[in-house]
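Structure file work39.txt (compact mmCIF, C-alpha atoms) is printed below.
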# COMPACT_ATOMS: atom_id res chain seq x y z
CA LYS A 111 23.09 62.55 6.79
CA THR A 112 26.20 63.53 8.59
CA GLU A 113 25.96 65.55 11.81
CA ALA A 114 27.95 68.74 11.96
CA THR A 115 30.69 68.69 14.53
CA PRO A 116 30.42 71.57 16.97
CA GLU A 117 33.21 74.07 16.78
CA PRO A 118 35.35 74.33 19.93
CA GLU A 119 34.67 77.37 22.00
CA VAL A 120 37.55 79.78 22.09
CA GLU A 121 38.13 81.50 25.40
CA GLU A 122 38.46 85.18 25.15
CA ALA A 123 41.84 86.45 26.34
CA ALA A 124 41.76 88.47 29.52
CA PRO A 125 42.31 92.13 28.96
CA LYS A 126 45.90 93.19 29.54
CA PRO A 127 46.17 95.42 32.63
CA ARG A 128 47.34 98.92 32.07
CA LYS A 129 50.85 99.93 33.00
CA GLY A 130 51.29 100.70 36.68
CA TYR A 131 48.17 98.76 37.70
CA THR A 132 48.46 96.67 40.87
CA PRO A 133 45.80 94.05 41.53
CA LYS A 134 43.98 94.16 44.83
CA LYS A 135 45.14 91.82 47.59
CA ALA A 136 42.86 89.34 49.27
CA THR A 137 43.83 90.69 52.70
CA PRO A 138 45.11 94.14 53.61
CA THR A 139 48.80 94.53 54.40
CA PRO A 140 49.28 94.78 58.18
CA SER A 141 50.86 97.89 59.58
CA ARG A 142 54.45 97.83 60.80
CA LYS A 143 53.31 98.13 64.41
CA LYS A 144 51.08 95.05 64.10
CA ALA A 145 53.79 93.07 62.25
CA ASN A 146 56.39 93.86 64.93
CA ALA A 147 53.94 92.91 67.66
CA ALA A 148 53.24 89.57 65.96
CA ASN A 149 56.96 88.78 65.54
CA ARG A 150 57.94 89.87 69.03
CA GLN A 151 58.79 86.98 71.33
CA PRO A 152 58.47 87.22 75.09
CA ILE A 153 61.88 87.65 76.75
CA VAL A 154 60.78 86.73 80.26
CA ALA A 155 59.37 83.27 80.76
CA ASN A 156 55.75 83.08 81.84
CA ARG A 157 56.24 81.83 85.38
CA LYS A 158 52.51 81.55 86.03
CA ALA A 159 52.17 78.90 83.32
CA MET A 160 55.12 76.90 84.69
CA SER A 161 55.01 74.18 87.27
CA ARG A 162 56.87 74.40 90.56
CA GLU A 163 59.62 72.11 89.29
CA GLU A 164 60.01 74.17 86.10
CA ARG A 165 60.29 77.38 88.09
CA ARG A 166 62.87 75.82 90.35
CA GLU A 167 64.86 74.60 87.35
CA LEU A 168 64.66 78.03 85.69
CA LYS A 169 65.89 79.70 88.86
CA ARG A 170 68.79 77.25 89.12
CA GLU A 171 69.80 77.80 85.48
CA ARG A 172 69.75 81.57 85.88
CA SER A 173 71.78 81.36 89.06
CA GLU A 174 74.40 79.19 87.38
CA ALA A 175 74.54 81.50 84.36
CA ASN A 176 75.01 84.57 86.57
CA THR A 177 77.70 82.84 88.59
CA ALA A 178 79.57 81.79 85.45
CA ARG A 179 79.28 85.30 83.99
CA TRP A 180 80.54 86.88 87.22
CA SER A 181 83.47 84.48 87.35
CA LYS A 182 84.47 85.31 83.77
CA GLN A 183 84.17 89.02 84.49
CA GLN A 184 86.44 88.66 87.48
CA GLU A 185 88.98 86.89 85.27
CA GLY A 186 88.93 89.75 82.78
CA ASP A 187 87.10 87.98 79.96
CA GLU A 188 86.25 90.75 77.49
CA ARG A 189 83.30 88.83 76.03
CA ASN A 190 81.45 88.92 79.37
CA MET A 191 82.68 92.30 80.56
CA PRO A 192 80.07 95.00 81.26
CA PRO A 193 80.33 98.10 79.05
CA GLN A 194 81.83 100.27 81.80
CA HIS A 195 84.83 97.90 82.05
CA ALA A 196 85.15 96.58 78.48
CA GLY A 197 87.76 97.52 75.91
CA PRO A 198 91.56 97.46 75.61
CA VAL A 199 91.92 101.07 76.79
CA ARG A 200 90.19 100.46 80.12
CA ARG A 201 92.06 97.18 80.57
CA PHE A 202 95.38 98.93 80.01
CA GLY A 203 94.47 101.62 82.54
CA ARG A 204 93.52 99.00 85.13
CA ASP A 205 96.79 97.16 84.57
CA VAL A 206 98.79 100.37 85.06
CA ILE A 207 97.02 101.13 88.35
CA ASP A 208 97.23 97.53 89.59
CA SER A 209 100.92 97.23 88.78
CA ARG A 210 101.95 100.23 90.87
CA PHE A 211 101.95 100.76 94.61
CA SER A 212 98.68 102.39 95.61
CA PRO A 213 98.38 103.78 99.15
CA GLY A 214 94.72 104.39 98.38
CA SER A 215 94.06 100.70 99.07
CA TYR A 216 94.60 101.54 102.77
CA PHE A 217 92.01 104.31 102.71
CA MET A 218 89.14 102.23 104.08
CA PRO A 219 91.07 100.79 107.07
CA LEU A 220 92.31 104.29 107.81
CA ALA A 221 88.76 105.67 107.69
CA LEU A 222 87.65 103.00 110.16
CA LEU A 223 90.56 103.94 112.38
CA LEU A 224 89.42 107.55 112.30
CA LEU A 225 85.93 106.53 113.37
CA ALA A 226 87.39 104.50 116.20
CA GLY A 227 89.39 107.54 117.26
CA LEU A 228 86.17 109.41 117.97
CA PHE A 229 85.83 107.42 121.19
CA ILE A 230 89.01 108.93 122.65
CA GLN A 231 87.83 112.48 122.09
CA ARG A 232 85.98 112.54 125.41
CA PHE A 233 88.86 111.16 127.44
CA ALA A 234 91.86 112.73 125.69
CA PRO A 235 90.83 115.74 123.55
CA ARG A 236 94.41 116.87 122.86
CA LEU A 237 95.44 113.43 121.74
CA PHE A 238 92.37 113.28 119.53
CA VAL A 239 93.35 116.55 117.81
CA VAL A 240 96.83 115.23 117.05
CA PHE A 241 95.37 111.95 115.86
CA THR A 242 92.82 113.66 113.60
CA VAL A 243 95.38 116.01 112.02
CA SER A 244 97.69 113.08 111.34
CA VAL A 245 94.96 111.04 109.70
CA TYR A 246 93.87 113.93 107.47
CA ALA A 247 97.48 114.54 106.47
CA ILE A 248 97.71 110.89 105.44
CA PHE A 249 94.49 111.28 103.45
CA ILE A 250 96.01 114.21 101.52
CA VAL A 251 99.15 112.21 100.75
CA ILE A 252 97.01 109.30 99.53
CA ALA A 253 94.93 111.55 97.28
CA VAL A 254 98.00 113.22 95.73
CA TRP A 255 99.78 109.89 95.22
CA THR A 256 96.70 108.33 93.64
CA GLY A 257 96.19 111.36 91.40
CA LYS A 258 99.75 111.04 90.09
CA ASN A 259 99.22 107.34 89.32
CA VAL A 260 95.95 108.07 87.51
CA ARG A 261 97.54 110.87 85.50
CA ARG A 262 100.38 108.54 84.54
CA ALA A 263 97.90 105.90 83.37
CA ARG A 264 95.97 108.44 81.28
CA VAL A 265 99.09 109.89 79.64
CA LEU A 266 100.31 106.40 78.76
CA ALA A 267 96.89 105.39 77.43
CA GLU A 268 96.68 108.49 75.22
CA HIS A 269 100.18 107.79 73.93
CA LYS A 270 99.43 104.15 73.15
CA PHE A 271 95.86 104.33 71.83
CA GLY A 272 95.33 107.98 70.97
CA ALA A 273 93.52 110.70 72.90
CA ASP A 274 90.35 110.24 70.85
CA ARG A 275 89.96 106.66 72.10
CA ILE A 276 89.97 107.52 75.81
CA PRO A 277 86.42 106.82 77.06
CA ARG A 278 84.47 109.24 79.21
CA GLY A 279 85.04 108.82 82.93
CA PHE A 280 88.33 107.00 82.38
CA SER A 281 90.32 108.91 85.00
CA MET A 282 87.56 108.87 87.63
CA GLN A 283 87.11 105.13 87.20
CA LEU A 284 90.83 104.51 87.77
CA PHE A 285 90.87 106.93 90.72
CA SER A 286 88.05 105.08 92.49
CA ARG A 287 89.65 101.70 91.67
CA ALA A 288 92.88 102.76 93.35
CA PHE A 289 91.01 103.34 96.64
CA TYR A 290 89.81 99.74 96.83
CA PRO A 291 91.91 96.95 98.34
CA ARG A 292 93.24 94.68 95.60
CA ARG A 293 91.02 91.76 96.59
CA TRP A 294 87.90 93.94 96.30
CA ARG A 295 88.67 95.35 92.86
CA MET A 296 86.45 94.37 89.98
CA PRO A 297 87.57 93.02 87.55
CA ARG A 298 90.22 91.17 89.54
CA PRO A 299 93.76 92.54 88.96
CA GLN A 300 95.46 90.69 86.10
CA VAL A 301 98.99 91.87 86.92
CA ALA A 302 101.03 91.53 90.09
CA PRO A 303 102.41 94.62 91.87
CA GLY A 304 105.60 95.68 90.14
CA ASN A 305 104.79 93.74 86.95
CA ILE A 306 104.63 96.73 84.60
CA PRO A 307 102.51 96.04 81.47
CA ALA A 308 103.91 96.59 77.99
CA GLY A 309 103.96 100.26 77.06
CA ALA A 310 103.80 101.51 80.66
CA GLY A 311 107.45 101.67 81.67
CA ASP A 312 109.38 104.76 82.71
CA ALA A 313 110.84 105.19 79.22
CA ASP A 314 107.33 105.01 77.73
CA TYR A 315 106.08 107.60 80.20
CA LYS A 316 108.90 110.01 79.34
CA GLU A 317 108.21 109.56 75.65
CA ALA A 318 104.49 110.07 76.21
CA LYS A 319 105.05 113.30 78.17
CA ALA A 320 107.42 114.62 75.53
CA GLU A 321 104.92 113.90 72.80
CA ARG A 322 102.16 115.53 74.82
CA LYS A 323 104.19 118.73 75.21
CA LYS A 324 104.79 118.87 71.47
CA GLY A 325 101.10 118.43 70.77
Please go through the file and, once you have read it, give me the structure as structure tokens.
Amino acid sequence: KTEATPEPEVEEAAPKPRKGYTPKKATPTPSRKKANAANRQPIVANRKAMSREERRELKRERSEANTARWSKQQEGDERNMPPQHAGPVRRFGRDVIDSRFSPGSYFMPLALLLLAGLFIQRFAPRLFVVFTVSVYAIFIVIAVWTGKNVRRARVLAEHKFGADRIPRGFSMQLFSRAFYPRRWRMPRPQVAPGNIPAGAGDADYKEAKAERKKG
């Protein structure tokens, strides 16, 4: 008598999900705030968890990086320039101011001289009045001269780059720069006195003024 072979069991096919159905996830999706917090890396090193040698090494590395960045800024490297000094328009304006004679660079020594003159007021009041009037007259000449140089730089910059590319505070930045001695200016002057940059000559200035009058 032969034994009947059992028939293989056929697995029932899973029911097809309806259109638009999304299966449930094993874990809930984290919110954007939690995801950003998990991906955020600390910018400042945890000094408390560092040894004394590690803190000393970190301080040395930061000091060297700051010194290198400052040196490159002084040399006019655009990649390391702070935003208030970056860009070809500001660089052109600085070059125009640095290339021309600026009596404003003598403002600080003159101000110190005026302070020193206060000591003669008690002993020679008439001489002090003459001295004070003379110093203030020189201050007015310096301000007018510097204003003309700054206006020249702005007119040339508008002519070369366009008025819409002149950044805010451009003229005031050049005006204050002209009152610093050359060795104290930041970034360091890239042109020597009298070395007029391209696009800043007398012919360019006349052309720029003529174009400005037409506009």
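For the point (79.1, 99.4, 82.5), the residues with at least one atom inside 12 Å, counting all atoms listed in the file, are Gln183, Asn190, Met191, Pro192, Pro193, Gln194, His195, Ala196, Gly197, Arg200, Pro277, Arg278, Gly279, Phe280, Gln283, Met296 and Pro297 of chain A.
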Spatial neighbours of A:Lys319, max dist 12 Å, all atoms listed in the file, sep filter under 6 positions, as a short mmCIF file (atom, residue, chain, number, x, y, z; two decimals) with C-alpha atoms, in the frame of the given file:
data_model
loop_
_atom_site.label_atom_id
_atom_site.label_comp_id
_atom_site.auth_asym_id
_atom_site.auth_seq_id
_atom_site.Cartn_x
_atom_site.Cartn_y
_atom_site.Cartn_z
CA ARG A 261 97.54 110.87 85.50
CA ARG A 262 100.38 108.54 84.54
CA ALA A 263 97.90 105.90 83.37
CA ARG A 264 95.97 108.44 81.28
CA VAL A 265 99.09 109.89 79.64
CA LEU A 266 100.31 106.40 78.76
CA ALA A 267 96.89 105.39 77.43
CA GLU A 268 96.68 108.49 75.22
CA HIS A 269 100.18 107.79 73.93
CA LYS A 270 99.43 104.15 73.15
CA ASP A 312 109.38 104.76 82.71
CA ALA A 313 110.84 105.19 79.22
CA GLY A 325 101.10 118.43 70.77
#
To one decimal place in Å, what is the distance between atom CA of A:Gly203 and atom CA of A:Ile252?
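Distance reported for this atom pair: 18.8 Å.
Here atom CA of A:Thr242 and atom CA of A:Leu225 stand 9.9 Å from one another.
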Distance criterion (all atoms listed in the file): nearest to A:Ile207 out of A:Val245, A:Ile306, A:Ala221, A:Val239:
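For A:Ile207, the nearest of the candidates is A:Ile306.
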Can you pull out the residues contacting A:Val254? Cut-off 12 Å, using all atoms listed in the file, and skip same-chain residues under 4 positions away; I want them as a ChimeraX atom specification.
/A:212-214,247-250,258-261,285,288
Nearest residue to A:Ala302 from the set A:Glu171, A:Asp208, A:Glu163, A:Asp314 (distances using only C-alpha atoms):
A:Asp208
Between atom CA of A:Val251 and atom CA of A:Gly309, measure the distance and give it in Å to one decimal.
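That distance, rounded to one decimal, is 27.0 Å.
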Just want the 10 Å neighbourhood of A:Ser286, counted on only C-alpha atoms, with same-chain residues fewer than 4 positions away dropped. Output as a ChimeraX atom specification.
/A:214-215,256,260,281-282,290,295
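Remark: for A:Tyr216, the closest of the candidate residues A:Val240, A:Ala253, A:Ala310, A:Val199 is A:Ala253 (distances computed over all atoms listed in the file).
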Output stretch 263-285 of chain A with N, CA and C atoms present, as a short mmCIF file (atom, residue, chain, number, x, y, z; two decimals), keeping the file's coordinate frame.
data_model
loop_
_atom_site.label_atom_id
_atom_site.label_comp_id
_atom_site.auth_asym_id
_atom_site.auth_seq_id
_atom_site.Cartn_x
_atom_site.Cartn_y
_atom_site.Cartn_z
N ALA A 263 98.64 106.89 84.17
CA ALA A 263 97.90 105.90 83.37
C ALA A 263 97.20 106.57 82.19
N ARG A 264 96.66 107.76 82.38
CA ARG A 264 95.97 108.44 81.28
C ARG A 264 96.95 108.90 80.19
N VAL A 265 98.08 109.44 80.61
CA VAL A 265 99.09 109.89 79.64
C VAL A 265 99.59 108.71 78.82
N LEU A 266 99.84 107.59 79.47
CA LEU A 266 100.31 106.40 78.76
C LEU A 266 99.23 105.86 77.83
N ALA A 267 97.98 105.89 78.27
CA ALA A 267 96.89 105.39 77.43
C ALA A 267 96.70 106.27 76.20
N GLU A 268 96.80 107.59 76.37
CA GLU A 268 96.68 108.49 75.22
C GLU A 268 97.84 108.27 74.25
N HIS A 269 99.01 108.01 74.78
CA HIS A 269 100.18 107.79 73.93
C HIS A 269 100.07 106.47 73.16
N LYS A 270 99.50 105.48 73.78
CA LYS A 270 99.43 104.15 73.15
C LYS A 270 98.23 104.00 72.22
N PHE A 271 97.08 104.54 72.61
CA PHE A 271 95.86 104.33 71.83
C PHE A 271 95.38 105.58 71.11
N GLY A 272 95.82 106.74 71.55
CA GLY A 272 95.33 107.98 70.97
C GLY A 272 94.33 108.64 71.89
N ALA A 273 94.39 109.97 71.97
CA ALA A 273 93.52 110.70 72.90
C ALA A 273 92.05 110.56 72.54
N ASP A 274 91.75 110.34 71.25
CA ASP A 274 90.35 110.24 70.85
C ASP A 274 89.70 108.93 71.26
N ARG A 275 90.51 107.95 71.70
CA ARG A 275 89.96 106.66 72.10
C ARG A 275 89.79 106.52 73.62
N ILE A 276 90.13 107.56 74.36
CA ILE A 276 89.97 107.52 75.81
C ILE A 276 88.50 107.69 76.13
N PRO A 277 87.87 106.72 76.79
CA PRO A 277 86.42 106.82 77.06
C PRO A 277 86.13 107.84 78.15
N ARG A 278 84.89 108.28 78.18
CA ARG A 278 84.47 109.24 79.21
C ARG A 278 84.49 108.59 80.58
N GLY A 279 84.96 109.34 81.56
CA GLY A 279 85.04 108.82 82.93
C GLY A 279 86.21 107.91 83.17
N PHE A 280 87.18 107.90 82.26
CA PHE A 280 88.33 107.00 82.38
C PHE A 280 89.13 107.29 83.64
N SER A 281 89.49 108.55 83.85
CA SER A 281 90.32 108.91 85.00
C SER A 281 89.60 108.68 86.32
N MET A 282 88.32 109.04 86.39
CA MET A 282 87.56 108.87 87.63
C MET A 282 87.40 107.39 87.97
N GLN A 283 87.23 106.56 86.95
CA GLN A 283 87.11 105.13 87.20
C GLN A 283 88.41 104.56 87.79
N LEU A 284 89.54 104.98 87.25
CA LEU A 284 90.83 104.51 87.77
C LEU A 284 91.08 105.07 89.17
N PHE A 285 90.66 106.32 89.40
CA PHE A 285 90.87 106.93 90.72
C PHE A 285 90.10 106.16 91.79
#
